[in-house]
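Student: Dropping in protein.csv, with CSV, C-alpha atoms.
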chain,number,residue,atom,x,y,z
A,1,MET,CA,9.3,-11.1,32.0
A,2,LYS,CA,12.3,-9.1,33.1
A,3,HIS,CA,14.2,-9.0,29.8
A,4,ALA,CA,13.1,-7.4,26.6
A,5,PRO,CA,10.7,-9.7,24.7
A,6,ARG,CA,12.5,-12.0,22.4
A,7,ILE,CA,10.5,-12.8,19.3
A,8,LEU,CA,11.4,-15.2,16.5
A,9,PHE,CA,10.0,-13.8,13.2
A,10,CYS,CA,9.7,-16.6,10.6
A,11,ILE,CA,9.1,-15.8,7.0
A,12,LEU,CA,8.2,-17.9,4.0
A,13,ASN,CA,10.6,-17.9,1.1
A,14,TRP,CA,8.2,-17.9,-1.9
A,15,GLY,CA,9.4,-14.9,-3.9
A,16,LEU,CA,10.3,-11.8,-2.0
A,17,GLY,CA,6.8,-10.7,-1.1
A,18,HIS,CA,6.5,-12.3,2.4
A,19,ALA,CA,9.9,-10.8,3.4
A,20,SER,CA,9.2,-7.4,2.0
A,21,ARG,CA,5.8,-7.0,3.7
A,22,SER,CA,7.3,-8.1,7.0
A,23,ILE,CA,9.9,-5.3,7.0
A,24,PRO,CA,7.6,-2.6,8.5
A,25,LEU,CA,6.4,-5.1,11.2
A,26,ILE,CA,10.0,-5.9,12.1
A,27,GLN,CA,10.9,-2.2,12.2
A,28,GLU,CA,8.0,-1.5,14.5
A,29,LEU,CA,8.9,-4.4,16.8
A,30,LEU,CA,12.4,-3.0,17.1
A,31,LYS,CA,11.0,0.5,17.9
A,32,GLN,CA,8.9,-1.0,20.6
A,33,GLY,CA,11.9,-2.5,22.3
A,34,VAL,CA,11.7,-6.1,21.1
A,35,GLU,CA,14.7,-8.3,20.5
A,36,VAL,CA,13.9,-9.8,17.0
A,37,ILE,CA,15.5,-12.9,15.6
A,38,LEU,CA,14.8,-13.5,11.9
A,39,ALA,CA,14.3,-16.9,10.3
A,40,SER,CA,13.8,-17.8,6.7
A,41,ASP,CA,15.8,-19.3,3.8
A,42,GLY,CA,16.9,-18.5,0.2
A,43,ARG,CA,16.3,-15.1,-1.3
A,44,ALA,CA,13.9,-14.1,1.4
A,45,LEU,CA,16.6,-14.6,4.0
A,46,GLN,CA,19.2,-12.7,1.9
A,47,LEU,CA,16.8,-9.8,1.6
A,48,LEU,CA,16.3,-9.7,5.4
A,49,GLN,CA,20.0,-9.9,6.0
A,50,LYS,CA,20.5,-6.9,3.8
A,51,GLU,CA,17.7,-4.9,5.4
A,52,PHE,CA,18.6,-5.8,9.0
A,53,PRO,CA,22.4,-6.6,9.1
A,54,GLN,CA,22.4,-6.1,12.9
A,55,LEU,CA,19.9,-8.8,13.6
A,56,GLN,CA,20.6,-12.5,14.3
A,57,THR,CA,19.3,-14.8,11.5
A,58,ILE,CA,18.4,-18.5,11.4
A,59,LYS,CA,18.2,-20.6,8.3
A,60,LEU,CA,15.0,-22.6,8.1
A,61,PRO,CA,14.3,-25.7,6.1
A,62,ALA,CA,13.6,-24.8,2.5
A,63,TYR,CA,10.3,-25.5,0.8
A,64,ASN,CA,12.0,-25.1,-2.6
A,65,VAL,CA,8.7,-24.6,-4.5
A,66,SER,CA,9.0,-24.1,-8.3
A,67,TYR,CA,6.4,-23.4,-10.9
A,68,ARG,CA,7.3,-25.4,-14.0
A,69,SER,CA,3.7,-26.1,-15.0
A,70,LYS,CA,0.8,-23.7,-15.7
A,71,ASN,CA,-1.4,-26.0,-13.6
A,72,MET,CA,-1.4,-24.9,-10.0
A,73,VAL,CA,-2.8,-28.2,-8.7
A,74,TRP,CA,-0.1,-30.2,-10.4
A,75,ASN,CA,2.6,-27.7,-9.3
A,76,ILE,CA,1.7,-28.2,-5.6
A,77,ALA,CA,0.7,-31.8,-5.8
A,78,TRP,CA,4.0,-33.2,-6.9
A,79,GLN,CA,5.9,-31.0,-4.4
A,80,LEU,CA,3.5,-31.7,-1.5
A,81,PRO,CA,5.7,-34.4,0.1
A,82,LYS,CA,8.7,-32.1,0.4
A,83,ILE,CA,6.6,-29.2,1.7
A,84,ILE,CA,5.1,-31.4,4.4
A,85,ARG,CA,8.6,-32.6,5.2
A,86,ALA,CA,9.9,-29.0,5.5
A,87,ILE,CA,6.9,-28.2,7.8
A,88,ASN,CA,7.7,-31.1,10.1
A,89,GLN,CA,11.4,-30.1,10.1
A,90,GLU,CA,10.3,-26.6,11.1
A,91,LYS,CA,8.4,-27.8,14.1
A,92,LYS,CA,11.4,-29.7,15.4
A,93,LEU,CA,13.7,-26.8,14.8
A,94,ILE,CA,11.3,-24.3,16.5
A,95,LYS,CA,11.1,-26.5,19.6
A,96,GLN,CA,14.9,-26.5,19.8
A,97,LEU,CA,15.2,-22.8,19.1
A,98,ILE,CA,12.7,-21.9,21.8
A,99,LYS,CA,14.8,-23.7,24.4
A,100,GLU,CA,18.3,-22.6,23.1
A,101,LEU,CA,17.4,-18.9,22.4
A,102,LYS,CA,14.8,-18.4,25.1
A,103,ILE,CA,12.1,-17.3,22.7
A,104,ASP,CA,9.1,-15.6,24.2
A,105,ALA,CA,6.8,-15.6,21.1
A,106,ILE,CA,6.7,-16.5,17.4
A,107,ILE,CA,5.4,-14.5,14.5
A,108,SER,CA,5.1,-16.6,11.3
A,109,ASP,CA,4.4,-15.2,7.9
A,110,ASN,CA,2.9,-18.2,6.1
A,111,ARG,CA,5.3,-20.8,7.6
A,112,PHE,CA,2.9,-23.4,8.9
A,113,GLY,CA,5.4,-25.3,11.0
A,114,CYS,CA,6.6,-22.2,12.9
A,115,TYR,CA,4.5,-22.4,16.1
A,116,ASN,CA,4.6,-24.0,19.5
A,117,ALA,CA,1.9,-24.5,22.1
A,118,THR,CA,4.2,-23.4,24.9
A,119,ILE,CA,4.5,-19.8,23.7
A,120,PRO,CA,2.2,-17.3,21.9
A,121,SER,CA,2.3,-17.9,18.2
A,122,ILE,CA,0.9,-15.5,15.5
A,123,PHE,CA,0.2,-16.4,11.9
A,124,ILE,CA,0.3,-13.7,9.1
A,125,THR,CA,-1.5,-14.3,5.9
A,126,HIS,CA,-3.8,-12.6,3.4
A,127,GLN,CA,-4.9,-15.9,2.0
A,128,ILE,CA,-7.5,-17.2,4.4
A,129,ASN,CA,-9.4,-18.5,1.4
A,130,ILE,CA,-7.2,-20.2,-1.2
A,131,LYS,CA,-8.3,-20.2,-4.8
A,132,THR,CA,-8.0,-23.3,-7.0
A,133,PRO,CA,-9.2,-24.0,-10.5
A,134,ILE,CA,-11.5,-26.8,-9.2
A,135,PRO,CA,-14.4,-25.7,-6.8
A,136,PHE,CA,-14.6,-29.2,-5.1
A,137,LEU,CA,-10.8,-29.2,-4.5
A,138,GLU,CA,-11.0,-25.6,-3.2
A,139,LYS,CA,-13.2,-26.7,-0.3
A,140,ILE,CA,-10.7,-29.5,0.6
A,141,VAL,CA,-7.7,-27.2,0.4
A,142,ASN,CA,-9.3,-24.5,2.5
A,143,SER,CA,-10.3,-27.1,5.1
A,144,PHE,CA,-6.7,-28.0,5.6
A,145,ASN,CA,-5.6,-24.3,5.4
A,146,HIS,CA,-8.0,-23.2,8.1
A,147,ARG,CA,-6.9,-26.2,10.3
A,148,PHE,CA,-3.3,-25.1,10.0
A,149,ILE,CA,-4.1,-21.5,10.9
A,150,ARG,CA,-6.2,-22.6,13.9
A,151,GLN,CA,-3.0,-24.1,15.4
A,152,PHE,CA,-1.8,-20.5,16.0
A,153,ASP,CA,-3.1,-18.3,18.8
A,154,ALA,CA,-4.1,-15.5,16.4
A,155,CYS,CA,-4.1,-14.5,12.8
A,156,TRP,CA,-2.9,-11.1,11.5
A,157,ILE,CA,-4.2,-10.1,8.0
A,158,PRO,CA,-2.4,-7.5,6.0
A,159,ASP,CA,-5.6,-5.9,4.5
A,160,VAL,CA,-8.4,-3.6,5.6
A,161,GLU,CA,-11.3,-5.2,7.4
A,162,GLU,CA,-14.1,-3.4,5.6
A,163,SER,CA,-15.2,-4.3,2.0
A,164,PRO,CA,-14.0,-3.9,-0.7
A,165,ARG,CA,-10.7,-5.3,0.6
A,166,LEU,CA,-7.6,-5.2,-1.5
A,167,ALA,CA,-7.4,-9.0,-1.4
A,168,GLY,CA,-11.1,-9.4,-2.1
A,169,THR,CA,-12.6,-12.7,-0.9
A,170,LEU,CA,-9.1,-14.1,-0.1
A,171,SER,CA,-8.9,-12.2,3.2
A,172,SER,CA,-12.3,-12.8,4.5
A,173,ALA,CA,-11.7,-14.4,8.0
A,174,THR,CA,-15.1,-15.6,9.0
A,175,ALA,CA,-14.2,-19.3,8.5
A,176,ILE,CA,-11.2,-19.7,10.8
A,177,LYS,CA,-12.9,-18.9,14.1
A,178,LYS,CA,-9.7,-17.5,15.7
A,179,LYS,CA,-8.7,-14.1,17.1
A,180,VAL,CA,-8.1,-12.0,14.0
A,181,ASP,CA,-6.6,-8.5,13.5
A,182,TYR,CA,-6.5,-6.7,10.2
A,183,LEU,CA,-3.2,-4.8,9.9
A,184,GLY,CA,-4.2,-2.5,7.1
A,185,ILE,CA,-2.3,-2.0,3.9
A,186,LEU,CA,1.2,-3.1,4.9
A,187,SER,CA,4.0,-1.7,2.8
A,188,ARG,CA,7.7,-0.9,3.4
A,189,MET,CA,7.3,1.9,0.8
A,190,LYS,CA,6.7,5.6,1.6
A,191,ARG,CA,5.1,8.1,-0.8
A,192,LYS,CA,6.6,11.5,-1.6
A,193,GLU,CA,6.6,14.0,-4.5
A,194,ILE,CA,9.6,13.4,-6.7
A,195,SER,CA,10.6,14.1,-10.3
A,196,LEU,CA,10.2,11.3,-12.9
A,197,LYS,CA,13.4,9.7,-14.2
A,198,TYR,CA,12.0,6.6,-16.0
A,199,ASP,CA,8.9,5.8,-18.1
A,200,ILE,CA,8.7,2.3,-16.7
A,201,ILE,CA,10.2,0.3,-13.8
A,202,ILE,CA,10.0,-3.5,-14.0
A,203,VAL,CA,10.2,-5.2,-10.6
A,204,LEU,CA,10.6,-9.0,-10.9
A,205,SER,CA,10.2,-11.6,-8.2
A,206,GLY,CA,8.7,-15.0,-7.5
A,207,PRO,CA,9.8,-18.6,-8.0
A,208,GLU,CA,12.0,-19.9,-10.8
A,209,PRO,CA,11.9,-20.7,-13.6
A,210,GLN,CA,9.0,-18.4,-14.2
A,211,ARG,CA,10.9,-15.3,-13.0
A,212,THR,CA,13.5,-15.9,-15.7
A,213,PHE,CA,10.9,-16.6,-18.4
A,214,LEU,CA,9.1,-13.3,-17.7
A,215,GLU,CA,12.4,-11.4,-17.7
A,216,GLU,CA,13.3,-12.8,-21.1
A,217,LYS,CA,9.9,-12.0,-22.6
A,218,LEU,CA,9.9,-8.4,-21.2
A,219,ILE,CA,13.4,-7.6,-22.5
A,220,GLN,CA,12.5,-8.9,-25.9
A,221,GLN,CA,9.4,-6.7,-26.1
A,222,LEU,CA,10.8,-3.6,-24.4
A,223,LEU,CA,14.2,-3.2,-26.1
A,224,PRO,CA,12.7,-2.0,-29.4
A,225,LEU,CA,10.4,0.6,-27.7
A,226,ASP,CA,11.2,4.2,-27.2
A,227,TYR,CA,10.9,4.2,-23.4
A,228,LYS,CA,13.4,4.8,-20.6
A,229,ILE,CA,13.3,1.7,-18.5
A,230,LEU,CA,14.8,0.4,-15.3
A,231,LEU,CA,14.6,-3.4,-14.8
A,232,ILE,CA,15.1,-4.8,-11.2
A,233,SER,CA,15.7,-8.5,-11.6
A,234,GLY,CA,15.0,-9.4,-7.9
A,235,GLN,CA,18.1,-11.6,-7.6
A,236,THR,CA,19.3,-11.0,-4.1
A,237,GLU,CA,22.3,-13.2,-4.6
A,238,LYS,CA,23.8,-11.0,-7.3
A,239,HIS,CA,25.3,-7.5,-7.4
A,240,GLU,CA,25.1,-6.7,-11.1
A,241,GLU,CA,24.3,-3.5,-13.0
A,242,LYS,CA,24.4,-3.3,-16.8
A,243,GLN,CA,23.0,-1.3,-19.7
A,244,LEU,CA,21.0,-3.5,-22.0
A,245,SER,CA,20.5,-0.6,-24.5
A,246,ASN,CA,20.7,3.2,-24.5
A,247,SER,CA,17.3,3.3,-22.8
A,248,VAL,CA,17.1,0.1,-20.7
A,249,LYS,CA,19.1,-0.4,-17.5
A,250,GLN,CA,19.2,-3.6,-15.5
A,251,ILE,CA,20.0,-4.0,-11.8
A,252,SER,CA,20.0,-7.3,-10.0
A,253,PHE,CA,18.6,-6.0,-6.7
A,254,LEU,CA,17.8,-2.9,-4.7
A,255,THR,CA,17.3,-2.4,-1.0
A,256,SER,CA,13.9,-1.1,0.2
A,257,GLU,CA,15.0,2.5,0.4
A,258,ASN,CA,16.6,2.5,-3.1
A,259,LEU,CA,13.6,0.6,-4.6
A,260,ASN,CA,11.2,3.0,-3.0
A,261,GLN,CA,13.1,5.9,-4.7
A,262,ALA,CA,13.3,4.1,-8.1
A,263,ILE,CA,9.5,3.3,-8.2
A,264,LEU,CA,8.7,6.9,-7.3
A,265,GLU,CA,10.9,8.1,-10.1
A,266,SER,CA,9.0,5.9,-12.6
A,267,ARG,CA,5.7,6.7,-14.3
A,268,TYR,CA,4.5,3.1,-14.6
A,269,VAL,CA,5.3,-0.2,-13.0
A,270,ILE,CA,5.4,-3.7,-14.5
A,271,CYS,CA,5.4,-6.5,-11.9
A,272,ARG,CA,3.8,-9.8,-10.7
A,273,SER,CA,0.4,-9.5,-9.1
A,274,GLY,CA,1.8,-10.8,-5.8
A,275,TYR,CA,-0.1,-9.4,-2.9
A,276,SER,CA,2.9,-7.5,-1.4
A,277,SER,CA,3.6,-5.9,-4.7
A,278,LEU,CA,0.0,-4.7,-4.8
A,279,MET,CA,0.2,-3.2,-1.4
A,280,ASP,CA,3.3,-1.3,-2.4
A,281,LEU,CA,1.5,0.0,-5.5
A,282,VAL,CA,-1.3,1.2,-3.4
A,283,ALA,CA,1.0,2.9,-0.9
A,284,LEU,CA,2.9,4.7,-3.7
A,285,GLN,CA,-0.2,5.3,-5.8
A,286,LYS,CA,1.4,3.9,-9.0
A,287,LYS,CA,-0.4,2.5,-12.0
A,288,ALA,CA,0.9,-0.9,-13.1
A,289,ILE,CA,0.7,-3.7,-15.6
A,290,LEU,CA,0.1,-6.9,-13.6
A,291,ILE,CA,1.4,-10.2,-14.9
A,292,PRO,CA,0.5,-13.2,-12.7
A,293,THR,CA,2.9,-16.1,-12.3
A,294,PRO,CA,1.5,-18.9,-14.6
A,295,GLY,CA,-0.2,-21.5,-12.4
A,296,GLN,CA,-0.4,-19.3,-9.4
A,297,THR,CA,-4.2,-19.0,-9.0
A,298,GLU,CA,-4.0,-16.4,-6.2
A,299,GLN,CA,-2.1,-14.0,-8.4
A,300,GLU,CA,-4.5,-14.6,-11.3
A,301,TYR,CA,-7.5,-13.9,-9.0
A,302,LEU,CA,-5.9,-10.7,-7.7
A,303,ALA,CA,-5.0,-9.4,-11.1
A,304,LYS,CA,-8.5,-10.0,-12.5
A,305,HIS,CA,-10.1,-8.7,-9.3
A,306,LEU,CA,-8.3,-5.4,-9.5
A,307,GLN,CA,-8.7,-5.0,-13.3
A,308,LYS,CA,-12.4,-5.4,-13.0
A,309,SER,CA,-12.6,-2.4,-10.8
A,310,GLY,CA,-10.6,-0.4,-13.3
A,311,GLN,CA,-7.5,-0.1,-11.2
A,312,PHE,CA,-4.7,-1.9,-13.1
A,313,ILE,CA,-4.0,-3.6,-16.5
A,314,TYR,CA,-3.8,-7.4,-16.4
A,315,GLN,CA,-1.9,-9.4,-19.0
A,316,GLU,CA,-1.0,-13.1,-19.1
A,317,GLN,CA,2.6,-14.0,-19.4
A,318,ASP,CA,2.1,-16.1,-22.6
A,319,HIS,CA,0.1,-13.3,-24.3
A,320,LEU,CA,2.1,-10.2,-23.5
A,321,ASN,CA,1.6,-7.0,-25.5
A,322,ILE,CA,3.4,-4.5,-23.4
A,323,GLU,CA,3.1,-1.6,-25.9
A,324,GLU,CA,-0.7,-2.0,-26.0
A,325,ALA,CA,-0.8,-2.3,-22.1
A,326,ILE,CA,1.1,0.9,-21.7
A,327,GLN,CA,-1.4,2.7,-24.0
A,328,GLU,CA,-4.2,1.4,-21.9
A,329,LEU,CA,-2.5,2.6,-18.7
A,330,ASP,CA,-2.5,6.1,-20.2
A,331,GLN,CA,-6.3,6.0,-20.2
A,332,LEU,CA,-6.8,4.9,-16.6
A,333,LYS,CA,-8.3,7.4,-14.2
A,334,LYS,CA,-7.1,7.8,-10.6
A,335,ASN,CA,-7.0,4.5,-8.8
A,336,THR,CA,-9.8,4.4,-6.1
A,337,TYR,CA,-7.7,1.8,-4.2
A,338,PHE,CA,-5.1,4.5,-3.7
A,339,SER,CA,-7.3,6.1,-1.0
A,340,MET,CA,-7.2,2.9,1.0
A,341,ASN,CA,-6.0,3.0,4.6
A,342,THR,CA,-2.2,2.8,4.6
A,343,SER,CA,-2.0,4.1,8.2
A,344,SER,CA,-0.1,2.7,11.1
A,345,SER,CA,-2.9,0.6,12.5
A,346,PHE,CA,-0.5,-2.3,12.8
A,347,LYS,CA,1.5,-0.4,15.4
A,348,ALA,CA,-1.4,-0.5,17.8
A,349,ILE,CA,-1.9,-4.2,17.2
A,350,ILE,CA,1.8,-4.9,17.9
A,351,LYS,CA,1.6,-2.7,21.0
A,352,ASP,CA,-1.4,-4.6,22.3
A,353,PHE,CA,0.3,-8.0,21.6
A,354,LEU,CA,3.4,-7.0,23.5
A,355,GLU,CA,1.4,-5.7,26.5
A,356,HIS,CA,-0.3,-9.0,26.8
A,357,LEU,CA,3.0,-10.8,26.3
A,358,THR,CA,4.8,-8.9,29.1
A,359,SER,CA,1.9,-8.8,31.5
Show me this structure written as structure tokens.
Tutor:
Amino acid sequence: MKHAPRILFCILNWGLGHASRSIPLIQELLKQGVEVILASDGRALQLLQKEFPQLQTIKLPAYNVSYRSKNMVWNIAWQLPKIIRAINQEKKLIKQLIKELKIDAIISDNRFGCYNATIPSIFITHQINIKTPIPFLEKIVNSFNHRFIRQFDACWIPDVEESPRLAGTLSSATAIKKKVDYLGILSRMKRKEISLKYDIIIVLSGPEPQRTFLEEKLIQQLLPLDYKILLISGQTEKHEEKQLSNSVKQISFLTSENLNQAILESRYVICRSGYSSLMDLVALQKKAILIPTPGQTEQEYLAKHLQKSGQFIYQEQDHLNIEEAIQELDQLKKNTYFSMNTSSSFKAIIKDFLEHLTS
């Protein structure tokens, strides 16, 4: 291979978590001399374009998943035909892009159709084992999930290999029988000592309409409280900043560097229990109130998993009592997960992958 490796990095648009956790990987690929082409859709693509304006981007078919019901099975079941359709469209587009752009390898963060047998294809996920409310259905779902993952040459897992893992049983890889590498705790955030400016930062993300529902509930509860609050709406398509009250400021979106700064300037965090958000909290050693997206079983599992170990406060969206949760946060001791490995182990994995790619 005479030219610099050209890698197509495909990222699922399901909230901003998949895109945000991919940022350090993309940065490392660029440092190691790779030509990276980014592919996604919606808000995830907008985030990537803001973070890497110099890189070529491709718009992929949209899954357009929404969470209107609190029942995860129903949420996915009625949308399954359009998800499968999008996966099949991905496969066709990937085949075309490999030929037109002379792609040498594909890295896919949770996009099942972004692979091709003619070039090395890597799948990134922390959800080897998907949780569902029905045990029998869980076996069926994971059978299909493992089958999809096995279509790739290897699987990269953003977690530590040793137990207890941050993702708990979700990231146990014994069932997929493929080459597996654990990337460690993967976060775009960097910790440093800094003076506090806010009592609370709210970082919203995830599919609509639940993102908006949570925003409305939080504003209603927090406006009367005597706390200095910064609310990040997670709306990449907007550029708005407004003062909701003397103590509550709302910003539609912040880039990684500015969000990093804002979280460090805040005593506590309120956010979804999406996995990428949890990795950011560990990296920055921040206590948080975790509010799972209703109907998203994975987030519910993660929030309960971490609360059981005394790490964070978990509340349901329909039963929010933020004032009470803040008082509980005050009583929490130092988070033992904060000592987890947030080192650069993924850099060695990327280096090894590229050496095999160019050999």
Student: Interatomic distance between CA of Gly234 (chain A) and CA of Gly206 (chain A)?
Tutor: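 Interatomic distance here is 8.4 Å.
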Student: Show which residues sit within 9 Å of Ile107 (chain A), as a ChimeraX atom specification. Count only C-alpha atoms, and ignore same-chain residues fewer than 3 positions away.
Tutor: /A:7-11,114-115,120-124
Student: Just to confirm, what's the straight-line distance from CA of Asn258 (chain A) to CA of Leu278 (chain A) in Å (one decimal)?
Tutor: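 These atoms are spaced 18.2 Å apart.
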Student: Using all atoms listed in the file, find the one residue out of A:Ala117, A:Ile130, A:Ala105, A:Ala348 that sits nearest to Ala173 (chain A).
Tutor: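 Smallest separation from Ala173 (chain A) among the options: A:Ile130.
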Student: Report as a list in words all protein, DNA and RNA residues lying within 10 Å of region 22-24 of chain A, evaluated on all atoms listed in the file, omitting residues in the same chain fewer than 5 positions from it.
Tutor: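 Close residues of region 22-24 of chain A: Phe9, Cys10, Ile11, Gly17, Leu29, Leu30, Leu47, Leu48, Glu51, Phe52, Ser108, Asp109, Ile124, Pro158, Leu186, Ser187, Arg188, Met189, Ser256, Ser276, Ser344, Phe346 and Lys347 of chain A.
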Student: Which polymer residues, whether protein, DNA or RNA, lie within 6 Å of the coordinate (-7.9, -17.4, 0.6) when you count only C-alpha atoms? List them as a count of residues only, using the chain letters and numbers from the file.
Tutor: 6
